[in-house]
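Peer 1: Got upload_9.txt for you, compact mmCIF, N, CA and C atoms:
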```
# COMPACT_ATOMS: atom_id res chain seq x y z
N MET I 277 31.35 43.87 -22.52
CA MET I 277 30.18 43.60 -21.71
C MET I 277 30.30 42.19 -21.13
N ARG I 278 30.16 42.10 -19.85
CA ARG I 278 30.28 40.82 -19.17
C ARG I 278 28.89 40.19 -19.05
N ARG I 279 28.80 38.92 -19.43
CA ARG I 279 27.52 38.20 -19.36
C ARG I 279 27.44 37.39 -18.07
N LYS I 280 26.21 37.15 -17.65
CA LYS I 280 25.99 36.32 -16.47
C LYS I 280 26.28 34.87 -16.83
N PRO I 281 26.68 34.08 -15.84
CA PRO I 281 26.89 32.65 -16.13
C PRO I 281 25.58 32.00 -16.56
N LEU I 282 25.70 30.90 -17.29
CA LEU I 282 24.54 30.20 -17.85
C LEU I 282 23.58 29.73 -16.75
N SER I 283 24.10 29.24 -15.63
CA SER I 283 23.24 28.71 -14.58
C SER I 283 22.34 29.77 -13.96
N SER I 284 22.76 31.01 -13.96
CA SER I 284 21.95 32.05 -13.35
C SER I 284 20.86 32.57 -14.28
N THR I 285 20.91 32.16 -15.54
CA THR I 285 19.92 32.68 -16.49
C THR I 285 18.92 31.64 -16.92
N LEU I 286 18.89 30.48 -16.28
CA LEU I 286 17.95 29.44 -16.67
C LEU I 286 16.59 29.70 -16.05
N SER I 287 15.90 30.60 -16.60
CA SER I 287 14.55 30.90 -16.17
C SER I 287 13.73 31.18 -17.42
N PRO I 288 12.42 31.15 -17.31
CA PRO I 288 11.61 31.41 -18.50
C PRO I 288 11.72 32.85 -18.98
N PHE I 289 12.41 33.68 -18.25
CA PHE I 289 12.50 35.09 -18.60
C PHE I 289 13.80 35.46 -19.30
N VAL I 290 14.53 34.46 -19.80
CA VAL I 290 15.76 34.75 -20.53
C VAL I 290 15.37 35.38 -21.87
N PRO I 291 15.94 36.52 -22.22
CA PRO I 291 15.56 37.17 -23.47
C PRO I 291 15.97 36.35 -24.68
N ARG I 292 15.10 36.31 -25.67
CA ARG I 292 15.41 35.61 -26.92
C ARG I 292 16.59 36.29 -27.60
N GLY I 293 17.34 35.48 -28.32
CA GLY I 293 18.46 36.03 -29.05
C GLY I 293 19.75 36.04 -28.28
N THR I 294 19.73 35.74 -27.01
CA THR I 294 20.97 35.71 -26.24
C THR I 294 21.61 34.33 -26.37
N ARG I 295 22.86 34.24 -26.01
CA ARG I 295 23.57 32.98 -26.10
C ARG I 295 22.96 31.93 -25.17
N GLU I 296 22.51 32.37 -24.00
CA GLU I 296 21.90 31.45 -23.05
C GLU I 296 20.62 30.84 -23.61
N TRP I 297 19.86 31.61 -24.37
CA TRP I 297 18.61 31.12 -24.96
C TRP I 297 18.90 29.96 -25.90
N ALA I 298 20.00 30.00 -26.60
CA ALA I 298 20.34 28.94 -27.54
C ALA I 298 20.63 27.62 -26.83
N TRP I 299 21.07 27.64 -25.59
CA TRP I 299 21.38 26.43 -24.85
C TRP I 299 20.16 25.78 -24.21
N ARG I 300 19.06 26.45 -24.13
CA ARG I 300 17.87 25.92 -23.46
C ARG I 300 17.40 24.59 -24.05
N PRO I 301 17.28 24.45 -25.38
CA PRO I 301 16.84 23.15 -25.92
C PRO I 301 17.84 22.03 -25.62
N VAL I 302 19.12 22.35 -25.63
CA VAL I 302 20.13 21.33 -25.34
C VAL I 302 20.01 20.88 -23.89
N LEU I 303 19.84 21.83 -22.98
CA LEU I 303 19.70 21.48 -21.57
C LEU I 303 18.42 20.68 -21.32
N ARG I 304 17.34 21.03 -21.99
CA ARG I 304 16.10 20.25 -21.85
C ARG I 304 16.30 18.84 -22.33
N CYS I 305 16.98 18.67 -23.46
CA CYS I 305 17.22 17.34 -24.02
C CYS I 305 18.09 16.52 -23.07
N LEU I 306 19.14 17.12 -22.54
CA LEU I 306 20.00 16.41 -21.61
C LEU I 306 19.26 16.02 -20.34
N THR I 307 18.44 16.92 -19.84
CA THR I 307 17.68 16.63 -18.63
C THR I 307 16.70 15.50 -18.85
N SER I 308 15.97 15.53 -19.95
CA SER I 308 14.99 14.48 -20.21
C SER I 308 15.69 13.15 -20.49
N THR I 309 16.85 13.17 -21.14
CA THR I 309 17.60 11.94 -21.38
C THR I 309 18.09 11.35 -20.06
N ALA I 310 18.61 12.20 -19.19
CA ALA I 310 19.08 11.73 -17.89
C ALA I 310 17.93 11.14 -17.09
N LEU I 311 16.78 11.78 -17.12
CA LEU I 311 15.61 11.27 -16.40
C LEU I 311 15.18 9.92 -16.97
N ALA I 312 15.17 9.80 -18.29
CA ALA I 312 14.79 8.53 -18.91
C ALA I 312 15.76 7.42 -18.54
N LEU I 313 17.04 7.72 -18.47
CA LEU I 313 18.02 6.71 -18.09
C LEU I 313 17.84 6.28 -16.64
N VAL I 314 17.56 7.21 -15.77
CA VAL I 314 17.35 6.88 -14.37
C VAL I 314 16.11 6.00 -14.22
N LEU I 315 15.04 6.35 -14.90
CA LEU I 315 13.81 5.56 -14.80
C LEU I 315 13.99 4.18 -15.43
N ALA I 316 14.74 4.11 -16.51
CA ALA I 316 14.92 2.84 -17.20
C ALA I 316 15.91 1.92 -16.48
N SER I 317 16.70 2.43 -15.59
CA SER I 317 17.69 1.60 -14.92
C SER I 317 17.05 0.51 -14.06
N GLY I 318 15.82 0.71 -13.63
CA GLY I 318 15.14 -0.31 -12.84
C GLY I 318 14.33 -1.26 -13.69
N ALA I 319 14.36 -1.11 -14.99
CA ALA I 319 13.57 -1.96 -15.88
C ALA I 319 14.22 -3.34 -16.02
N LEU I 320 13.45 -4.27 -16.56
CA LEU I 320 13.95 -5.62 -16.78
C LEU I 320 14.97 -5.62 -17.91
N PRO I 321 15.97 -6.50 -17.84
CA PRO I 321 16.90 -6.62 -18.95
C PRO I 321 16.17 -7.08 -20.21
N LEU I 322 16.74 -6.78 -21.35
CA LEU I 322 16.11 -7.17 -22.61
C LEU I 322 15.92 -8.67 -22.65
N GLY I 323 14.75 -9.11 -23.09
CA GLY I 323 14.46 -10.52 -23.21
C GLY I 323 13.97 -11.18 -21.94
N ALA I 324 14.03 -10.52 -20.81
CA ALA I 324 13.58 -11.12 -19.56
C ALA I 324 12.06 -11.04 -19.47
N GLN I 325 11.46 -12.05 -18.93
CA GLN I 325 10.02 -12.10 -18.76
C GLN I 325 9.69 -11.83 -17.30
N PRO I 326 8.71 -10.98 -17.05
CA PRO I 326 8.33 -10.75 -15.65
C PRO I 326 7.69 -12.01 -15.07
N THR I 327 7.95 -12.25 -13.81
CA THR I 327 7.35 -13.41 -13.16
C THR I 327 6.26 -12.94 -12.23
N THR I 328 5.21 -13.71 -12.16
CA THR I 328 4.09 -13.33 -11.30
C THR I 328 4.32 -13.78 -9.85
N ASP I 329 5.24 -14.70 -9.66
CA ASP I 329 5.46 -15.19 -8.29
C ASP I 329 6.77 -14.64 -7.73
N ALA I 330 7.08 -13.40 -8.05
CA ALA I 330 8.30 -12.79 -7.55
C ALA I 330 8.24 -12.62 -6.04
N TRP I 331 7.05 -12.48 -5.47
CA TRP I 331 6.91 -12.36 -4.02
C TRP I 331 5.70 -13.18 -3.62
N LYS I 332 5.75 -13.71 -2.44
CA LYS I 332 4.64 -14.50 -1.91
C LYS I 332 4.45 -14.14 -0.44
N LEU I 333 3.22 -14.19 -0.01
CA LEU I 333 2.94 -13.99 1.41
C LEU I 333 3.45 -15.19 2.19
N PRO I 334 3.89 -14.98 3.40
CA PRO I 334 4.34 -16.14 4.19
C PRO I 334 3.17 -17.06 4.50
N ALA I 335 3.49 -18.31 4.64
CA ALA I 335 2.45 -19.30 4.95
C ALA I 335 1.88 -19.04 6.34
N GLU I 336 0.60 -19.32 6.49
CA GLU I 336 -0.07 -19.16 7.79
C GLU I 336 0.44 -20.25 8.72
N LYS I 337 1.00 -19.85 9.85
CA LYS I 337 1.56 -20.82 10.80
C LYS I 337 0.64 -21.04 11.99
N ALA I 338 -0.14 -20.05 12.32
CA ALA I 338 -1.02 -20.17 13.48
C ALA I 338 -2.25 -21.00 13.09
N ASP I 339 -2.86 -21.56 14.09
CA ASP I 339 -4.08 -22.33 13.87
C ASP I 339 -5.05 -22.05 15.00
N LEU I 340 -6.31 -22.08 14.68
CA LEU I 340 -7.34 -21.87 15.69
C LEU I 340 -7.48 -23.13 16.54
N LYS I 341 -7.85 -22.93 17.78
CA LYS I 341 -8.07 -24.06 18.68
C LYS I 341 -9.27 -24.87 18.18
N PRO I 342 -9.23 -26.19 18.37
CA PRO I 342 -10.39 -26.99 17.96
C PRO I 342 -11.59 -26.70 18.86
N GLY I 343 -12.77 -26.87 18.30
CA GLY I 343 -13.99 -26.66 19.07
C GLY I 343 -15.17 -26.42 18.16
N ALA I 344 -16.35 -26.48 18.75
CA ALA I 344 -17.57 -26.25 17.99
C ALA I 344 -17.60 -24.78 17.55
N GLY I 345 -17.79 -24.55 16.27
CA GLY I 345 -17.84 -23.19 15.73
C GLY I 345 -16.54 -22.74 15.09
N ARG I 346 -15.51 -23.60 15.14
CA ARG I 346 -14.22 -23.23 14.54
C ARG I 346 -14.38 -22.95 13.06
N GLU I 347 -15.11 -23.78 12.34
CA GLU I 347 -15.30 -23.60 10.90
C GLU I 347 -16.03 -22.29 10.60
N LEU I 348 -16.93 -21.93 11.49
CA LEU I 348 -17.65 -20.66 11.32
C LEU I 348 -16.69 -19.47 11.43
N VAL I 349 -15.78 -19.53 12.38
CA VAL I 349 -14.79 -18.46 12.54
C VAL I 349 -13.87 -18.42 11.32
N VAL I 350 -13.44 -19.59 10.84
CA VAL I 350 -12.59 -19.63 9.65
C VAL I 350 -13.34 -19.04 8.46
N GLY I 351 -14.62 -19.37 8.33
CA GLY I 351 -15.39 -18.87 7.19
C GLY I 351 -15.78 -17.41 7.27
N GLN I 352 -15.93 -16.88 8.48
CA GLN I 352 -16.40 -15.51 8.62
C GLN I 352 -15.29 -14.53 8.99
N CYS I 353 -14.43 -14.88 9.91
CA CYS I 353 -13.43 -13.93 10.42
C CYS I 353 -12.13 -13.94 9.62
N VAL I 354 -11.72 -15.13 9.17
CA VAL I 354 -10.44 -15.24 8.48
C VAL I 354 -10.54 -14.74 7.04
N LEU I 355 -11.73 -14.37 6.62
CA LEU I 355 -11.85 -13.70 5.32
C LEU I 355 -11.05 -12.40 5.32
N CYS I 356 -11.08 -11.70 6.44
CA CYS I 356 -10.41 -10.39 6.53
C CYS I 356 -9.19 -10.41 7.43
N HIS I 357 -9.20 -11.24 8.47
CA HIS I 357 -8.12 -11.25 9.46
C HIS I 357 -7.28 -12.50 9.32
N SER I 358 -6.02 -12.39 9.72
CA SER I 358 -5.19 -13.58 9.83
C SER I 358 -5.58 -14.31 11.11
N VAL I 359 -5.21 -15.57 11.17
CA VAL I 359 -5.48 -16.35 12.38
C VAL I 359 -4.73 -15.73 13.56
N ASP I 360 -3.52 -15.23 13.30
CA ASP I 360 -2.74 -14.57 14.35
C ASP I 360 -3.50 -13.42 14.99
N TYR I 361 -4.23 -12.68 14.18
CA TYR I 361 -4.98 -11.53 14.71
C TYR I 361 -6.00 -11.99 15.74
N ILE I 362 -6.60 -13.13 15.52
CA ILE I 362 -7.61 -13.65 16.45
C ILE I 362 -6.94 -14.26 17.68
N THR I 363 -5.90 -15.06 17.44
CA THR I 363 -5.30 -15.81 18.54
C THR I 363 -4.46 -14.93 19.48
N THR I 364 -4.02 -13.77 19.02
CA THR I 364 -3.20 -12.92 19.88
C THR I 364 -4.00 -11.87 20.63
N GLN I 365 -5.31 -11.89 20.49
CA GLN I 365 -6.14 -10.95 21.25
C GLN I 365 -6.06 -11.32 22.73
N PRO I 366 -6.20 -10.34 23.60
CA PRO I 366 -6.24 -10.69 25.03
C PRO I 366 -7.49 -11.52 25.33
N ARG I 367 -7.49 -12.20 26.42
CA ARG I 367 -8.66 -13.00 26.81
C ARG I 367 -9.81 -12.05 27.13
N LEU I 368 -10.82 -12.06 26.30
CA LEU I 368 -11.92 -11.10 26.42
C LEU I 368 -13.17 -11.77 26.95
N ALA I 369 -13.96 -11.00 27.67
CA ALA I 369 -15.25 -11.49 28.16
C ALA I 369 -16.24 -11.57 27.00
N ARG I 370 -17.32 -12.29 27.21
CA ARG I 370 -18.31 -12.47 26.14
C ARG I 370 -18.85 -11.14 25.64
N GLY I 371 -19.12 -10.19 26.53
CA GLY I 371 -19.66 -8.90 26.11
C GLY I 371 -18.70 -8.13 25.21
N VAL I 372 -17.41 -8.24 25.48
CA VAL I 372 -16.41 -7.55 24.66
C VAL I 372 -16.30 -8.23 23.30
N TRP I 373 -16.32 -9.58 23.28
CA TRP I 373 -16.32 -10.29 21.99
C TRP I 373 -17.56 -9.93 21.18
N GLN I 374 -18.69 -9.84 21.85
CA GLN I 374 -19.93 -9.49 21.15
C GLN I 374 -19.84 -8.08 20.56
N ALA I 375 -19.32 -7.14 21.34
CA ALA I 375 -19.16 -5.77 20.84
C ALA I 375 -18.19 -5.73 19.66
N THR I 376 -17.16 -6.55 19.72
CA THR I 376 -16.18 -6.61 18.62
C THR I 376 -16.83 -7.16 17.35
N VAL I 377 -17.58 -8.24 17.50
CA VAL I 377 -18.25 -8.83 16.33
C VAL I 377 -19.27 -7.85 15.75
N GLU I 378 -20.02 -7.19 16.60
CA GLU I 378 -21.01 -6.22 16.11
C GLU I 378 -20.33 -5.03 15.43
N LYS I 379 -19.18 -4.61 15.95
CA LYS I 379 -18.42 -3.53 15.31
C LYS I 379 -17.96 -3.97 13.92
N MET I 380 -17.49 -5.18 13.81
CA MET I 380 -17.04 -5.69 12.51
C MET I 380 -18.20 -5.78 11.53
N ARG I 381 -19.36 -6.17 12.01
CA ARG I 381 -20.53 -6.26 11.14
C ARG I 381 -21.05 -4.88 10.75
N GLY I 382 -21.18 -4.00 11.74
CA GLY I 382 -21.79 -2.69 11.49
C GLY I 382 -20.89 -1.69 10.79
N LYS I 383 -19.69 -1.50 11.32
CA LYS I 383 -18.79 -0.47 10.78
C LYS I 383 -17.99 -0.94 9.58
N TYR I 384 -17.58 -2.21 9.58
CA TYR I 384 -16.68 -2.70 8.53
C TYR I 384 -17.37 -3.62 7.54
N GLY I 385 -18.64 -3.92 7.74
CA GLY I 385 -19.39 -4.71 6.77
C GLY I 385 -19.02 -6.18 6.72
N ALA I 386 -18.60 -6.75 7.84
CA ALA I 386 -18.27 -8.17 7.85
C ALA I 386 -19.53 -8.98 7.51
N PRO I 387 -19.40 -9.95 6.62
CA PRO I 387 -20.58 -10.70 6.17
C PRO I 387 -20.99 -11.82 7.13
N VAL I 388 -21.21 -11.47 8.38
CA VAL I 388 -21.62 -12.46 9.38
C VAL I 388 -23.14 -12.38 9.52
N PRO I 389 -23.86 -13.45 9.17
CA PRO I 389 -25.31 -13.43 9.32
C PRO I 389 -25.70 -13.33 10.80
N THR I 390 -26.82 -12.67 11.06
CA THR I 390 -27.27 -12.46 12.44
C THR I 390 -27.46 -13.78 13.18
N ASN I 391 -27.97 -14.79 12.49
CA ASN I 391 -28.21 -16.07 13.17
C ASN I 391 -26.92 -16.83 13.46
N SER I 392 -25.78 -16.42 12.91
CA SER I 392 -24.49 -17.08 13.17
C SER I 392 -23.73 -16.44 14.33
N VAL I 393 -24.16 -15.26 14.76
CA VAL I 393 -23.42 -14.53 15.80
C VAL I 393 -23.35 -15.32 17.11
N PRO I 394 -24.44 -15.91 17.62
CA PRO I 394 -24.32 -16.64 18.89
C PRO I 394 -23.31 -17.80 18.83
N ALA I 395 -23.34 -18.57 17.75
CA ALA I 395 -22.40 -19.69 17.63
C ALA I 395 -20.96 -19.18 17.51
N LEU I 396 -20.77 -18.07 16.81
CA LEU I 396 -19.45 -17.45 16.67
C LEU I 396 -18.94 -17.01 18.04
N LEU I 397 -19.82 -16.36 18.80
CA LEU I 397 -19.45 -15.90 20.15
C LEU I 397 -19.15 -17.07 21.07
N ASP I 398 -19.94 -18.13 20.97
CA ASP I 398 -19.70 -19.30 21.82
C ASP I 398 -18.30 -19.85 21.59
N TYR I 399 -17.88 -19.95 20.33
CA TYR I 399 -16.53 -20.46 20.04
C TYR I 399 -15.47 -19.49 20.55
N LEU I 400 -15.61 -18.19 20.25
CA LEU I 400 -14.59 -17.22 20.66
C LEU I 400 -14.43 -17.18 22.18
N VAL I 401 -15.55 -17.26 22.90
CA VAL I 401 -15.48 -17.22 24.37
C VAL I 401 -14.88 -18.52 24.90
N ALA I 402 -15.29 -19.66 24.32
CA ALA I 402 -14.76 -20.94 24.80
C ALA I 402 -13.26 -21.07 24.51
N ALA I 403 -12.82 -20.63 23.34
CA ALA I 403 -11.42 -20.82 22.94
C ALA I 403 -10.52 -19.67 23.39
N TYR I 404 -11.02 -18.44 23.34
CA TYR I 404 -10.17 -17.28 23.59
C TYR I 404 -10.78 -16.28 24.56
N GLY I 405 -11.75 -16.71 25.33
CA GLY I 405 -12.42 -15.82 26.25
C GLY I 405 -11.78 -15.79 27.62
N ALA I 406 -12.16 -14.77 28.36
CA ALA I 406 -11.69 -14.64 29.74
C ALA I 406 -12.45 -15.64 30.60
N PRO I 407 -11.80 -16.18 31.60
CA PRO I 407 -12.51 -17.11 32.48
C PRO I 407 -13.66 -16.40 33.20
N ALA I 408 -14.71 -17.13 33.42
CA ALA I 408 -15.87 -16.55 34.11
C ALA I 408 -15.48 -16.18 35.54
N PRO I 409 -15.97 -15.04 36.02
CA PRO I 409 -15.63 -14.63 37.39
C PRO I 409 -16.21 -15.63 38.40
N ALA I 410 -15.48 -15.87 39.46
CA ALA I 410 -15.93 -16.81 40.51
C ALA I 410 -17.04 -16.15 41.31
N LYS I 411 -18.03 -16.95 41.63
CA LYS I 411 -19.17 -16.43 42.40
C LYS I 411 -19.10 -16.85 43.82
```
Can you turn what I pasted into structure tokens?
Peer 2:
Amino acid sequence: MRRKPLSSTLSPFVPRGTREWAWRPVLRCLTSTALALVLASGALPLGAQPTTDAWKLPAEKADLKPGAGRELVVGQCVLCHSVDYITTQPRLARGVWQATVEKMRGKYGAPVPTNSVPALLDYLVAAYGAPAPAK
């Protein structure tokens, strides 16, 4: 009687008492050992201590333009955004800046008090706003 190769019988339906059934625990052990070795290969060497400063964010290189309200923008906008995010925006009109600030307050929960919005807009328009249309 010719038996099937071992690889073709590795299913939960292998009948007990067959030669292939006897190899199942060995194959499980080898598989779990191989998996453990693969997972452990990325572990720290024995005696090594993990460092908390293995990676660091790059230093902020951009800076906001000087002007009245700059500190307000640093305190309110840079909580969530990098300075680059603000400085690389296209030159926007006051209405677009206002809609953007209101979107950040309403949809994203930016902690900008209502009484600070005009001063915030004044700075954004003066420093990064579109020039007023000629009349």
Peer 1: Which neighbours of segment 364-367 of chain I fall inside 5 Å, counting all atoms listed in the file, when residues of the same chain fewer than 6 positions from it are skipped, and could you give them as a JSON list (two decimals) with N, CA and C atoms, in the coordinates of the input?
Peer 2:
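Result written to part.json:
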```
[["chain", "number", "residue", "atom", "x", "y", "z"],
["I", 404, "TYR", "N", -11.02, -18.44, 23.34],
["I", 404, "TYR", "CA", -10.17, -17.28, 23.59],
["I", 404, "TYR", "C", -10.78, -16.28, 24.56],
["I", 405, "GLY", "N", -11.75, -16.71, 25.33],
["I", 405, "GLY", "CA", -12.42, -15.82, 26.25],
["I", 405, "GLY", "C", -11.78, -15.79, 27.62],
["I", 406, "ALA", "N", -12.16, -14.77, 28.36],
["I", 406, "ALA", "CA", -11.69, -14.64, 29.74],
["I", 406, "ALA", "C", -12.45, -15.64, 30.60]]
```
Peer 1: Pick out the residues sitting within 10 Å of segment 382-387 of chain I, and hand them over as number ranges by chain; count only C-alpha atoms, and ignore anything fewer than 6 positions along from it in its own chain.
Peer 2: I: 351-353, 355-356, 376
Peer 1: Do you have the atom C of Lys337 of chain I-atom N of Gln374 of chain I distance handy?
Peer 2: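 Atom-to-atom, atom C of Lys337 of chain I and atom N of Gln374 of chain I are spaced 24.4 Å apart.
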Peer 1: Just to confirm, what's the straight-line distance from atom N of Leu340 of chain I to atom N of Glu378 of chain I in Å (one decimal)?
Peer 2: 20.3 Å
Peer 1: Quick one: residues within 8 Å of Leu400 of chain I, all atoms listed in the file, excluding same-chain residues fewer than 2 positions away - as a short mmCIF file (atom, residue, chain, number, x, y, z; two decimals) with N, CA and C atoms, in the frame of the given file?
Peer 2:
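In the end it all went to selection_0.cif:
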```
data_model
loop_
_atom_site.label_atom_id
_atom_site.label_comp_id
_atom_site.auth_asym_id
_atom_site.auth_seq_id
_atom_site.Cartn_x
_atom_site.Cartn_y
_atom_site.Cartn_z
N ALA I 344 -16.35 -26.48 18.75
CA ALA I 344 -17.57 -26.25 17.99
C ALA I 344 -17.60 -24.78 17.55
N GLY I 345 -17.79 -24.55 16.27
CA GLY I 345 -17.84 -23.19 15.73
C GLY I 345 -16.54 -22.74 15.09
N ARG I 346 -15.51 -23.60 15.14
CA ARG I 346 -14.22 -23.23 14.54
C ARG I 346 -14.38 -22.95 13.06
N VAL I 349 -15.78 -19.53 12.38
CA VAL I 349 -14.79 -18.46 12.54
C VAL I 349 -13.87 -18.42 11.32
N LEU I 368 -10.82 -12.06 26.30
CA LEU I 368 -11.92 -11.10 26.42
C LEU I 368 -13.17 -11.77 26.95
N ALA I 369 -13.96 -11.00 27.67
CA ALA I 369 -15.25 -11.49 28.16
C ALA I 369 -16.24 -11.57 27.00
N ARG I 370 -17.32 -12.29 27.21
CA ARG I 370 -18.31 -12.47 26.14
C ARG I 370 -18.85 -11.14 25.64
N TRP I 373 -16.32 -9.58 23.28
CA TRP I 373 -16.32 -10.29 21.99
C TRP I 373 -17.56 -9.93 21.18
N PRO I 394 -24.44 -15.91 17.62
CA PRO I 394 -24.32 -16.64 18.89
C PRO I 394 -23.31 -17.80 18.83
N ALA I 395 -23.34 -18.57 17.75
CA ALA I 395 -22.40 -19.69 17.63
C ALA I 395 -20.96 -19.18 17.51
N LEU I 396 -20.77 -18.07 16.81
CA LEU I 396 -19.45 -17.45 16.67
C LEU I 396 -18.94 -17.01 18.04
N LEU I 397 -19.82 -16.36 18.80
CA LEU I 397 -19.45 -15.90 20.15
C LEU I 397 -19.15 -17.07 21.07
N ASP I 398 -19.94 -18.13 20.97
CA ASP I 398 -19.70 -19.30 21.82
C ASP I 398 -18.30 -19.85 21.59
N ALA I 402 -15.29 -19.66 24.32
CA ALA I 402 -14.76 -20.94 24.80
C ALA I 402 -13.26 -21.07 24.51
N ALA I 403 -12.82 -20.63 23.34
CA ALA I 403 -11.42 -20.82 22.94
C ALA I 403 -10.52 -19.67 23.39
N TYR I 404 -11.02 -18.44 23.34
CA TYR I 404 -10.17 -17.28 23.59
C TYR I 404 -10.78 -16.28 24.56
N GLY I 405 -11.75 -16.71 25.33
CA GLY I 405 -12.42 -15.82 26.25
C GLY I 405 -11.78 -15.79 27.62
N ALA I 406 -12.16 -14.77 28.36
CA ALA I 406 -11.69 -14.64 29.74
C ALA I 406 -12.45 -15.64 30.60
#
```
Peer 1: For atom CA of Asn391 of chain I and atom CA of Pro409 of chain I, determine how far apart the two atoms are, in Å to one decimal place.
Peer 2: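 These atoms are spaced 27.3 Å apart.
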